[in-house]
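Text of work.txt, listed as compact mmCIF, C-alpha atoms:
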# COMPACT_ATOMS: atom_id res chain seq x y z
CA MET A 1 29.43 182.67 107.12
CA PHE A 2 29.38 181.02 110.54
CA GLY A 3 28.10 177.80 108.98
CA ARG A 4 30.94 177.77 106.46
CA ARG A 5 33.54 178.37 109.17
CA ALA A 6 32.03 175.68 111.34
CA LEU A 7 32.18 173.21 108.45
CA ILE A 8 35.85 173.95 107.74
CA ALA A 9 36.68 173.62 111.44
CA ALA A 10 34.95 170.26 111.58
CA LEU A 11 36.81 169.07 108.50
CA VAL A 12 40.15 170.13 109.96
CA LEU A 13 39.40 168.05 113.03
CA LEU A 14 38.34 165.11 110.86
CA PHE A 15 41.12 165.07 108.28
CA GLY A 16 43.83 166.78 110.28
CA ALA A 17 45.82 169.83 109.38
CA GLY A 18 49.49 169.90 108.52
CA SER A 19 52.16 172.49 107.91
CA THR A 20 52.28 174.07 104.47
CA GLN A 21 55.29 174.55 102.28
CA ALA A 22 57.12 177.82 102.89
CA GLY A 23 55.81 180.54 100.60
CA SER A 24 53.45 178.17 98.81
CA GLU A 25 50.28 180.14 99.49
CA GLY A 26 51.47 183.09 97.45
CA ARG A 27 52.39 181.00 94.43
CA ALA A 28 49.57 178.49 94.40
CA HIS A 29 46.55 178.56 92.15
CA THR A 30 43.23 178.91 93.96
CA PHE A 31 39.83 177.42 93.26
CA SER A 32 36.86 179.33 91.92
CA PRO A 33 33.42 178.61 93.42
CA GLU A 34 32.00 178.29 89.92
CA GLY A 35 34.63 175.72 88.97
CA LEU A 36 34.03 173.65 92.08
CA ALA A 37 30.29 173.76 91.43
CA LYS A 38 30.97 172.07 88.08
CA VAL A 39 32.95 169.38 89.89
CA SER A 40 30.00 168.74 92.20
CA ASP A 41 27.54 168.75 89.31
CA TYR A 42 29.58 166.15 87.44
CA ILE A 43 29.68 163.72 90.37
CA ARG A 44 25.98 164.21 91.10
CA SER A 45 25.16 163.48 87.47
CA GLU A 46 27.09 160.18 87.61
CA VAL A 47 25.27 159.16 90.79
CA ALA A 48 21.92 160.11 89.23
CA ALA A 49 22.79 158.07 86.14
CA GLY A 50 23.39 155.01 88.33
CA THR A 51 27.11 154.71 87.52
CA PHE A 52 27.90 154.26 91.22
CA PRO A 53 25.84 154.58 94.41
CA GLY A 54 27.95 157.30 95.98
CA ALA A 55 31.37 158.90 96.33
CA ILE A 56 33.49 161.32 98.37
CA LEU A 57 35.79 164.04 97.07
CA LEU A 58 38.29 165.88 99.26
CA LEU A 59 40.59 168.67 98.08
CA GLN A 60 42.99 169.94 100.74
CA GLN A 61 45.25 172.96 100.19
CA HIS A 62 47.71 174.66 102.53
CA GLY A 63 46.93 172.02 105.15
CA LYS A 64 43.17 172.64 105.26
CA PRO A 65 40.17 171.22 103.38
CA VAL A 66 39.00 173.64 100.68
CA TYR A 67 36.41 171.26 99.24
CA TYR A 68 34.71 168.26 100.78
CA GLU A 69 31.46 166.63 99.76
CA ASN A 70 29.69 163.31 100.22
CA PHE A 71 27.55 162.13 97.32
CA GLY A 72 24.82 159.51 97.30
CA VAL A 73 24.89 156.35 99.40
CA ARG A 74 27.48 153.77 100.45
CA ASP A 75 25.54 150.85 99.13
CA ALA A 76 22.50 150.83 96.84
CA THR A 77 21.12 147.88 98.80
CA THR A 78 21.18 149.46 102.26
CA GLU A 79 20.77 153.08 101.05
CA LEU A 80 22.88 154.30 103.99
CA SER A 81 24.19 157.78 103.23
CA MET A 82 27.80 158.25 102.19
CA SER A 83 29.83 159.70 105.07
CA ALA A 84 33.40 160.41 106.06
CA ASP A 85 33.68 157.13 107.99
CA THR A 86 32.76 155.02 104.94
CA ILE A 87 35.32 152.27 104.27
CA PHE A 88 36.58 151.69 100.72
CA ARG A 89 38.68 149.01 99.07
CA LEU A 90 41.87 150.89 98.24
CA TYR A 91 43.50 148.21 96.08
CA SER A 92 46.65 149.70 94.48
CA MET A 93 46.54 152.83 96.62
CA SER A 94 48.16 150.37 99.05
CA LYS A 95 51.38 150.54 97.00
CA PRO A 96 52.49 154.01 98.16
CA VAL A 97 51.92 152.95 101.78
CA THR A 98 54.11 149.85 101.39
CA THR A 99 56.79 151.85 99.59
CA VAL A 100 56.85 154.39 102.42
CA MET A 101 57.43 151.55 104.89
CA ALA A 102 60.34 150.28 102.81
CA MET A 103 61.82 153.78 102.52
CA MET A 104 61.76 154.04 106.31
CA LEU A 105 64.04 151.00 106.37
CA VAL A 106 66.23 152.61 103.70
CA GLU A 107 66.65 155.71 105.86
CA GLU A 108 67.59 153.51 108.81
CA GLY A 109 70.30 151.78 106.79
CA LYS A 110 68.56 148.40 106.97
CA LEU A 111 67.77 148.35 103.25
CA SER A 112 69.29 149.86 100.11
CA LEU A 113 67.66 150.60 96.77
CA ASP A 114 70.56 148.81 95.10
CA ASP A 115 70.29 145.68 97.24
CA PRO A 116 69.50 142.52 95.28
CA VAL A 117 66.14 141.10 96.26
CA ALA A 118 67.93 137.75 96.69
CA LYS A 119 69.68 139.19 99.76
CA TYR A 120 66.34 138.92 101.57
CA ILE A 121 64.58 136.27 99.46
CA PRO A 122 67.32 133.88 98.27
CA ALA A 123 65.04 132.11 95.77
CA PHE A 124 65.09 135.26 93.64
CA GLY A 125 68.69 134.51 92.79
CA GLU A 126 67.59 131.30 91.05
CA MET A 127 64.87 132.85 88.90
CA LYS A 128 65.06 132.84 85.10
CA VAL A 129 63.57 135.04 82.40
CA GLY A 130 60.95 133.56 80.10
CA VAL A 131 61.66 134.41 76.45
CA GLU A 132 59.22 133.46 73.69
CA THR A 133 60.71 131.81 70.61
CA LYS A 134 58.97 130.82 67.40
CA ALA A 135 59.84 127.56 65.62
CA GLU A 136 59.80 127.09 61.85
CA ASP A 137 56.33 125.58 62.12
CA GLY A 138 55.09 128.79 63.76
CA LYS A 139 54.66 127.31 67.24
CA VAL A 140 55.68 129.59 70.10
CA ALA A 141 57.64 128.14 73.01
CA LEU A 142 59.10 129.58 76.19
CA VAL A 143 62.84 129.41 76.68
CA LEU A 144 64.30 130.17 80.11
CA GLU A 145 67.34 132.43 80.13
CA PRO A 146 69.57 133.47 83.05
CA LEU A 147 69.30 136.94 84.57
CA SER A 148 71.53 139.58 83.02
CA ARG A 149 71.69 141.21 86.46
CA ALA A 150 70.03 140.79 89.82
CA VAL A 151 66.55 142.12 90.56
CA THR A 152 66.97 145.05 92.98
CA ILE A 153 64.80 146.78 95.57
CA LYS A 154 64.58 149.77 93.21
CA ASP A 155 63.22 147.45 90.50
CA LEU A 156 60.43 146.43 92.85
CA MET A 157 59.54 150.03 93.67
CA ARG A 158 59.46 151.24 90.07
CA HIS A 159 57.94 148.08 88.50
CA THR A 160 60.98 147.05 86.48
CA ALA A 161 61.47 143.66 88.15
CA GLY A 162 59.82 141.63 85.39
CA LEU A 163 56.99 140.57 87.70
CA PRO A 164 53.59 140.87 85.94
CA TYR A 165 50.17 140.39 87.48
CA GLY A 166 49.34 137.79 84.87
CA TYR A 167 46.52 138.03 82.35
CA TYR A 168 45.41 135.89 79.46
CA GLY A 169 46.35 137.24 76.06
CA GLY A 170 49.49 138.87 77.39
CA GLY A 171 52.06 136.29 76.34
CA LEU A 172 53.22 132.97 77.74
CA VAL A 173 54.74 134.30 80.97
CA ASN A 174 51.60 136.25 81.77
CA LYS A 175 49.61 133.09 81.15
CA LEU A 176 51.81 131.20 83.63
CA TYR A 177 51.11 133.87 86.26
CA ALA A 178 47.39 133.78 85.50
CA ASP A 179 47.32 129.97 85.65
CA ALA A 180 49.16 130.07 88.99
CA GLY A 181 46.08 131.68 90.54
CA LEU A 182 48.08 134.06 92.72
CA PHE A 183 44.94 136.04 93.55
CA ASP A 184 42.74 133.02 94.13
CA ASN A 185 44.00 131.66 97.42
CA LYS A 186 43.64 134.42 99.98
CA ALA A 187 44.82 131.99 102.67
CA LEU A 188 48.40 132.54 101.52
CA THR A 189 50.81 134.51 103.66
CA ASN A 190 53.19 136.93 101.99
CA ALA A 191 55.97 134.36 102.38
CA GLU A 192 53.87 131.68 100.69
CA LEU A 193 52.85 134.02 97.87
CA VAL A 194 56.48 134.90 97.18
CA ALA A 195 57.40 131.22 97.16
CA LYS A 196 54.84 130.68 94.40
CA ILE A 197 56.15 133.68 92.47
CA THR A 198 59.77 132.52 92.59
CA ALA A 199 58.73 129.21 91.03
CA LEU A 200 57.73 131.18 87.91
CA PRO A 201 59.93 132.95 85.35
CA LEU A 202 60.29 136.71 85.06
CA ALA A 203 58.59 138.33 82.09
CA GLU A 204 61.59 140.50 81.20
CA GLN A 205 65.18 141.06 82.18
CA PRO A 206 65.37 143.29 85.29
CA GLY A 207 65.51 147.00 84.58
CA THR A 208 64.43 146.79 80.95
CA ASN A 209 60.65 147.28 80.99
CA TRP A 210 57.95 148.90 83.13
CA ASP A 211 55.67 145.95 83.82
CA TYR A 212 52.92 146.41 86.41
CA GLY A 213 52.43 143.50 88.73
CA HIS A 214 53.37 141.79 91.99
CA SER A 215 56.52 143.81 92.68
CA THR A 216 55.05 145.68 95.66
CA ASP A 217 53.77 142.42 97.17
CA VAL A 218 57.36 141.17 97.12
CA LEU A 219 58.49 144.48 98.64
CA GLY A 220 55.99 143.96 101.45
CA ARG A 221 57.50 140.56 102.15
CA ILE A 222 60.98 142.13 102.35
CA VAL A 223 59.65 144.60 104.94
CA GLU A 224 58.51 141.57 106.94
CA VAL A 225 61.88 139.82 106.62
CA ILE A 226 63.81 142.88 107.81
CA SER A 227 61.40 143.95 110.55
CA GLY A 228 60.64 140.46 111.84
CA LYS A 229 56.96 141.42 111.95
CA SER A 230 53.95 140.99 109.72
CA LEU A 231 53.52 143.81 107.23
CA PHE A 232 50.40 145.05 109.00
CA ALA A 233 52.03 144.95 112.44
CA PHE A 234 54.95 147.01 111.16
CA GLU A 235 52.63 149.45 109.38
CA LYS A 236 50.53 149.92 112.52
CA GLU A 237 53.56 150.52 114.68
CA ARG A 238 55.43 152.90 112.41
CA LEU A 239 52.76 154.64 110.32
CA LEU A 240 49.07 153.82 110.75
CA ASP A 241 48.71 154.27 114.52
CA PRO A 242 51.00 157.32 114.80
CA LEU A 243 49.19 159.03 111.89
CA GLY A 244 45.77 158.17 113.30
CA MET A 245 44.82 155.93 110.36
CA THR A 246 42.59 153.86 112.63
CA ASP A 247 40.32 152.38 109.94
CA THR A 248 43.09 151.29 107.57
CA ALA A 249 43.62 147.52 107.54
CA TYR A 250 43.60 144.48 105.27
CA TYR A 251 40.01 143.57 106.16
CA VAL A 252 37.25 144.95 108.36
CA ALA A 253 37.52 142.85 111.49
CA ASP A 254 34.79 144.52 113.54
CA PRO A 255 31.26 143.50 112.43
CA ALA A 256 29.96 146.80 113.82
CA LYS A 257 31.86 148.54 111.00
CA TRP A 258 30.48 146.36 108.20
CA PRO A 259 27.56 148.71 107.38
CA ARG A 260 30.19 151.38 106.67
CA ILE A 261 31.67 149.47 103.71
CA ALA A 262 31.08 151.06 100.30
CA GLU A 263 29.87 148.79 97.50
CA PRO A 264 29.68 149.23 93.73
CA ILE A 265 26.41 148.70 91.92
CA PRO A 266 25.69 144.95 91.61
CA GLN A 267 26.51 144.81 87.88
CA ASP A 268 29.87 146.57 88.36
CA ARG A 269 31.76 144.14 90.58
CA ALA A 270 34.17 142.64 88.03
CA ILE A 271 37.86 143.48 88.45
CA SER A 272 38.69 141.23 85.50
CA PRO A 273 36.82 138.55 83.54
CA MET A 274 37.97 136.09 86.22
CA THR A 275 37.89 138.23 89.39
CA GLN A 276 35.21 140.07 91.36
CA VAL A 277 35.76 142.78 93.98
CA ARG A 278 36.69 141.09 97.20
CA ASP A 279 34.57 141.00 100.34
CA PRO A 280 36.49 143.00 102.98
CA ARG A 281 34.49 141.33 105.74
CA ILE A 282 36.33 138.04 105.19
CA PRO A 283 39.52 137.66 107.28
CA LEU A 284 42.72 137.38 105.25
CA ARG A 285 46.13 135.92 105.95
CA TRP A 286 47.47 137.64 102.84
CA GLU A 287 48.51 141.20 103.70
CA SER A 288 48.98 142.36 100.13
CA GLY A 289 51.37 145.29 100.01
CA GLY A 290 50.35 145.82 96.42
CA GLY A 291 46.59 145.91 96.76
CA GLY A 292 45.14 144.71 100.04
CA LEU A 293 44.27 147.74 102.14
CA VAL A 294 40.88 149.16 102.96
CA GLY A 295 40.40 152.57 104.53
CA THR A 296 38.58 155.88 104.79
CA VAL A 297 39.07 159.24 103.13
CA GLY A 298 40.19 160.75 106.45
CA ASP A 299 42.86 158.11 106.95
CA TYR A 300 44.29 158.55 103.46
CA ALA A 301 44.13 162.33 103.88
CA ARG A 302 46.53 162.11 106.81
CA PHE A 303 48.88 159.95 104.76
CA SER A 304 48.67 162.35 101.80
CA GLN A 305 49.28 165.42 103.93
CA MET A 306 52.35 163.74 105.41
CA LEU A 307 53.72 163.22 101.89
CA LEU A 308 52.86 166.77 100.84
CA ASN A 309 54.57 168.11 103.97
CA GLY A 310 57.80 166.38 102.94
CA GLY A 311 57.49 163.45 105.31
CA SER A 312 56.19 165.01 108.52
CA TYR A 313 52.76 165.39 110.09
CA GLU A 314 51.64 167.14 113.29
CA GLY A 315 55.19 167.44 114.60
CA ARG A 316 56.31 163.88 113.87
CA ARG A 317 58.82 163.00 111.16
CA TYR A 318 58.14 159.82 109.15
CA LEU A 319 60.53 160.34 106.24
CA LYS A 320 63.07 163.02 105.31
CA PRO A 321 62.10 165.63 102.69
CA GLU A 322 64.88 164.40 100.41
CA THR A 323 63.42 160.88 100.61
CA ILE A 324 59.99 162.11 99.54
CA ALA A 325 61.63 164.09 96.72
CA LEU A 326 63.45 160.95 95.57
CA MET A 327 60.23 158.94 95.59
CA ALA A 328 58.39 161.65 93.65
CA SER A 329 61.01 161.94 90.89
CA ASP A 330 60.99 159.97 87.64
CA HIS A 331 63.03 156.76 87.74
CA ILE A 332 62.19 155.40 84.29
CA GLY A 333 63.05 158.41 82.13
CA PRO A 334 64.65 158.25 78.65
CA GLU A 335 68.15 158.14 80.12
CA THR A 336 67.34 154.77 81.72
CA LYS A 337 66.33 153.23 78.35
CA ILE A 338 63.49 151.44 80.19
CA ALA A 339 60.68 150.44 77.85
CA ARG A 340 56.99 150.72 78.76
CA ASP A 341 54.61 147.83 78.31
CA GLN A 342 51.37 148.05 76.37
CA ASN A 343 49.44 148.73 79.58
CA TYR A 344 51.49 151.71 80.72
CA TYR A 345 48.97 153.09 83.18
CA PRO A 346 50.70 156.39 84.07
CA GLY A 347 50.09 157.63 80.53
CA GLY A 348 52.28 159.43 78.03
CA SER A 349 52.78 162.62 80.10
CA SER A 350 54.11 160.77 83.15
CA GLY A 351 57.05 158.76 84.29
CA PHE A 352 57.16 156.61 87.41
CA GLY A 353 58.91 157.22 90.70
CA LEU A 354 59.18 154.96 93.72
CA GLY A 355 55.55 154.03 94.33
CA PHE A 356 53.81 156.71 92.27
CA ALA A 357 53.27 157.98 88.75
CA VAL A 358 55.05 161.34 88.31
CA ARG A 359 54.00 163.99 85.79
CA THR A 360 56.97 164.84 83.57
CA SER A 361 55.27 166.79 80.77
CA VAL A 362 52.12 168.85 80.36
CA PRO A 363 49.30 166.98 78.58
CA SER A 364 48.18 168.58 75.32
CA GLY A 365 45.46 171.16 75.83
CA THR A 366 46.11 171.52 79.58
CA SER A 367 48.36 173.43 81.96
CA TRP A 368 48.49 170.67 84.57
CA PRO A 369 51.44 170.96 86.94
CA LEU A 370 54.73 169.20 86.45
CA GLY A 371 55.82 167.18 89.47
CA GLU A 372 52.31 166.07 90.41
CA TYR A 373 52.48 162.50 91.70
CA ARG A 374 49.60 160.12 92.13
CA TRP A 375 48.16 156.63 91.94
CA ASP A 376 44.79 154.91 91.96
CA GLY A 377 43.09 151.62 92.73
CA VAL A 378 41.26 149.18 90.49
CA GLY A 379 38.14 149.66 92.62
CA GLY A 380 37.90 153.28 91.45
CA THR A 381 39.66 155.31 94.15
CA PHE A 382 42.44 157.74 93.25
CA PHE A 383 44.62 160.39 94.85
CA PHE A 384 47.04 163.02 93.59
CA ILE A 385 49.55 165.32 95.22
CA ASP A 386 50.37 168.67 93.60
CA PRO A 387 53.38 170.22 95.37
CA GLU A 388 53.33 173.33 93.18
CA ASP A 389 49.88 174.26 94.48
CA ASP A 390 50.42 172.77 97.97
CA LEU A 391 47.39 170.61 97.26
CA PHE A 392 46.23 167.04 97.39
CA GLY A 393 43.00 165.44 96.25
CA ILE A 394 41.35 162.13 97.12
CA PHE A 395 38.36 160.63 95.34
CA MET A 396 36.73 157.65 97.03
CA VAL A 397 34.32 155.54 94.99
CA GLN A 398 33.74 151.90 94.07
CA THR A 399 33.30 151.52 90.32
CA PRO A 400 35.83 149.16 88.71
CA SER A 401 34.49 149.52 85.17
CA GLN A 402 34.31 153.32 85.02
CA ARG A 403 37.38 154.34 86.98
CA GLY A 404 39.55 155.54 84.08
CA ARG A 405 36.87 157.64 82.45
CA ILE A 406 35.78 159.24 85.70
CA GLN A 407 39.29 159.95 86.92
CA LEU A 408 40.21 161.81 83.72
CA ALA A 409 36.99 163.81 83.73
CA LEU A 410 37.29 164.76 87.39
CA LYS A 411 40.96 165.71 87.21
CA THR A 412 40.17 167.91 84.22
CA LEU A 413 37.36 169.68 86.07
CA ILE A 414 39.42 170.07 89.25
CA TYR A 415 42.30 171.72 87.42
CA GLN A 416 39.93 173.87 85.39
CA ALA A 417 38.46 175.05 88.69
CA MET A 418 41.98 176.25 89.57
CA GLY A 419 42.33 178.10 86.28
CA ARG A 420 44.77 175.54 84.90
What does this structure look like when you write it as structure tokens?
Amino acid sequence: MFGRRALIAALVLLFGAGSTQAGSEGRAHTFSPEGLAKVSDYIRSEVAAGTFPGAILLLQQHGKPVYYENFGVRDATTELSMSADTIFRLYSMSKPVTTVMAMMLVEEGKLSLDDPVAKYIPAFGEMKVGVETKAEDGKVALVLEPLSRAVTIKDLMRHTAGLPYGYYGGGLVNKLYADAGLFDNKALTNAELVAKITALPLAEQPGTNWDYGHSTDVLGRIVEVISGKSLFAFEKERLLDPLGMTDTAYYVADPAKWPRIAEPIPQDRAISPMTQVRDPRIPLRWESGGGGLVGTVGDYARFSQMLLNGGSYEGRRYLKPETIALMASDHIGPETKIARDQNYYPGGSSGFGLGFAVRTSVPSGTSWPLGEYRWDGVGGTFFFIDPEDDLFGIFMVQTPSQRGRIQLALKTLIYQAMGR
């Protein structure tokens, strides 16, 4: 018993403890030891099968860790054990962080969700929409049409700005984005990246389609324009340093920390047919608000607990509860008539808020909670926040090719362990 208490105390010191929602402990589901053992067994079996070298899972409820385990090693080459200070590529788990920074500016009256992006980046006002047309001979051409309305800050946050990431086989506009090599030149600043984006057409009229892409990178640039600081400098001042997220950055600057970087197995480093996982040891000028951060499980736990607490952590207020509630509500529901592209990553039971997927219906065969909000990264990491159970979970791993399969399996086991 003493060993168990000592472990929980150590975890509280490591990940922090926050206030819980009033009355939540009485209503929340609790975990069974048998269910959590199945969670552990599943991850161990994936490590033993060679899917990934190692991983970390944290489940924190009522402000305290209720499950934490390191699995395997950080890197199959070095065979250094996985540990809480291991640094992971977060990729799109950067998006909620950037959106929080923008919502701070909204609360301060320096930014509005209805503001046109062109107010801060004038070139957006000159952008056109690329529409494919087919001639009588069957050839497809791209016709540029004017915007039906301005792209807004809200469009950036909910991915309805018409800004794709760009992939081959996804239509002519996506091909233009892919050919532009927006991910290739990491020497770009956010300002230079946005300049390249505004030279391209939008894929759809603003507010008509959920289309995952560079929207949050543009949002990060707007944070820079308003704050007069680099995105990272503003994040450090207003969020990262106050929260104690000391290992969260856009690259690992200190060589002494390089052995702490988690790596996928050598044959699982492809993000796309054209792109490999990046080396976080290499300095970057591009502070990608959409996918550039690296960090530890403890750092992201502090961020997640702040969200779960309604915007506060250890006595400091970062956002108002009503702001968090707005972010965690669906902004692309049926009443908006917003379509969803073929790669609608949130899935059929979820809408999308401001920076997160939001569960709006219960998946068939489950009793998963409504109102759960979450996101993940292409490197394999994911997190979810379950306000109904006063719970958040973070899974840290580097496995680009297996991330979807593993996330679904783990979430299923986690909720089964709660009797859901």
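Separating CA of Phe124 (chain A) from CA of Gly181 (chain A) is a distance of 19.6 Å.
Residues in contact with Arg340 (chain A) at 9 Å, where only C-alpha atoms are counted and same-chain residues fewer than 4 positions away are skipped, are listed as Thr208, Asn209, Trp210, Asp211, Ile332 and Tyr344 of chain A.
Counting all atoms listed in the file, region 275-278 of chain A has the following residues at most 9 Å away, ignoring those fewer than 3 positions along the same chain: Arg89, Phe183, Asp184, Pro264, Asp268, Arg269, Ala270, Ile271, Ser272, Arg281, Ile282, Gly379 and Pro400 of chain A.
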**Prompt:** Leu200 (chain A): which residues within 10 Å, counting all atoms listed in the file, same-chain residues fewer than 5 positions away excluded, as JSON, numbers by chain?
**Reply:** {"A": [127, 128, 129, 130, 163, 173, 176, 177, 180, 195]}
**Request:** Select, counting all atoms listed in the file, all protein, DNA and RNA residues no farther than 6 Å from (38.2, 157.2, 96.3) in file coordinates, and express the selection as a PyMOL selection string.
**Result:** chain A and resi 381-382+394-397
**Request:** Identify the residues within 12 Å of coordinate (64.4, 131.3, 79.0) (same frame as the file), considering all atoms listed in the file, and give the answer as a PyMOL selection string.
**Result:** chain A and resi 127-133+141-148+172-173+200-205
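Picture a line from CA of Thr98 (chain A) to CA of Leu319 (chain A); it runs 13.2 Å.
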**Prompt:** For Leu354 (chain A), which residue out of A:Arg317, A:Arg238, A:Arg374, A:Arg221 is the nearest one, using only C-alpha atoms?
**Reply:**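 For Leu354 (chain A), the nearest of the given residues is A:Arg374.
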**Message:** So, with all atoms listed in the file as the atoms that count, which of A:Asp85, A:Gly125, A:Leu57, A:Asn70 lies closest to Lys257 (chain A)?
**Reply:**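 Going through A:Asp85, A:Gly125, A:Leu57, A:Asn70 one by one, the smallest distance to Lys257 (chain A) is for A:Asp85.
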**Asked** Using all atoms listed in the file, which residue out of A:Pro242, A:Pro280, A:Pro255, A:Gly72 lies closest to Gly50 (chain A)?
**Response**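 That would be A:Gly72, the residue with the smallest distance to Gly50 (chain A).
Closest approach to Arg158 (chain A) among A:Arg405, A:Lys320, A:Lys139, A:His214 is made by A:His214 (distances from all atoms listed in the file).
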Applying 7 Å and only C-alpha atoms, which residues near Arg74 (chain A) remain after dropping the ones on its own chain fewer than 3 positions away? List them as a PDB file with C-alpha atoms, in the coordinates of the input.
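The result, written out as out28.pdb:
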ATOM      1  CA  PRO A  53      25.840 154.580  94.410  1.00  0.00           C
ATOM      2  CA  GLY A  54      27.950 157.300  95.980  1.00  0.00           C
ATOM      3  CA  GLU A  79      20.770 153.080 101.050  1.00  0.00           C
ATOM      4  CA  LEU A  80      22.880 154.300 103.990  1.00  0.00           C
ATOM      5  CA  SER A  81      24.190 157.780 103.230  1.00  0.00           C
ATOM      6  CA  MET A  82      27.800 158.250 102.190  1.00  0.00           C
ATOM      7  CA  ILE A 261      31.670 149.470 103.710  1.00  0.00           C
ATOM      8  CA  ALA A 262      31.080 151.060 100.300  1.00  0.00           C
ATOM      9  CA  GLU A 263      29.870 148.790  97.500  1.00  0.00           C
TER      10      GLU A 263
END
**Fill in**
From the list A:Ala118, A:Ala178, A:Leu391, A:Leu240, the nearest residue to Val100 (chain A) using only C-alpha atoms is A:Leu240
**Message:** Taking 2 positions as the minimum chain separation for residues in the same chain, which residues sit within 6 Å of region 58-60 of chain A when counting all atoms listed in the file? Answer as a PyMOL selection string.
**Reply:** chain A and resi 64-68+391-394
**Prompt:** Nearest to Val252 (chain A): which of A:Glu287, A:Ala301, A:Val223, A:Gly295 is it, counting all atoms listed in the file?
**Reply:**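 Of the candidates, the smallest distance to Val252 (chain A) is held by A:Gly295.
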**Request:** Give me, please, the distance in Å between CA of Lys229 (chain A) and CA of Asp115 (chain A), quoted to one decimal.
**Result:** 20.3 Å
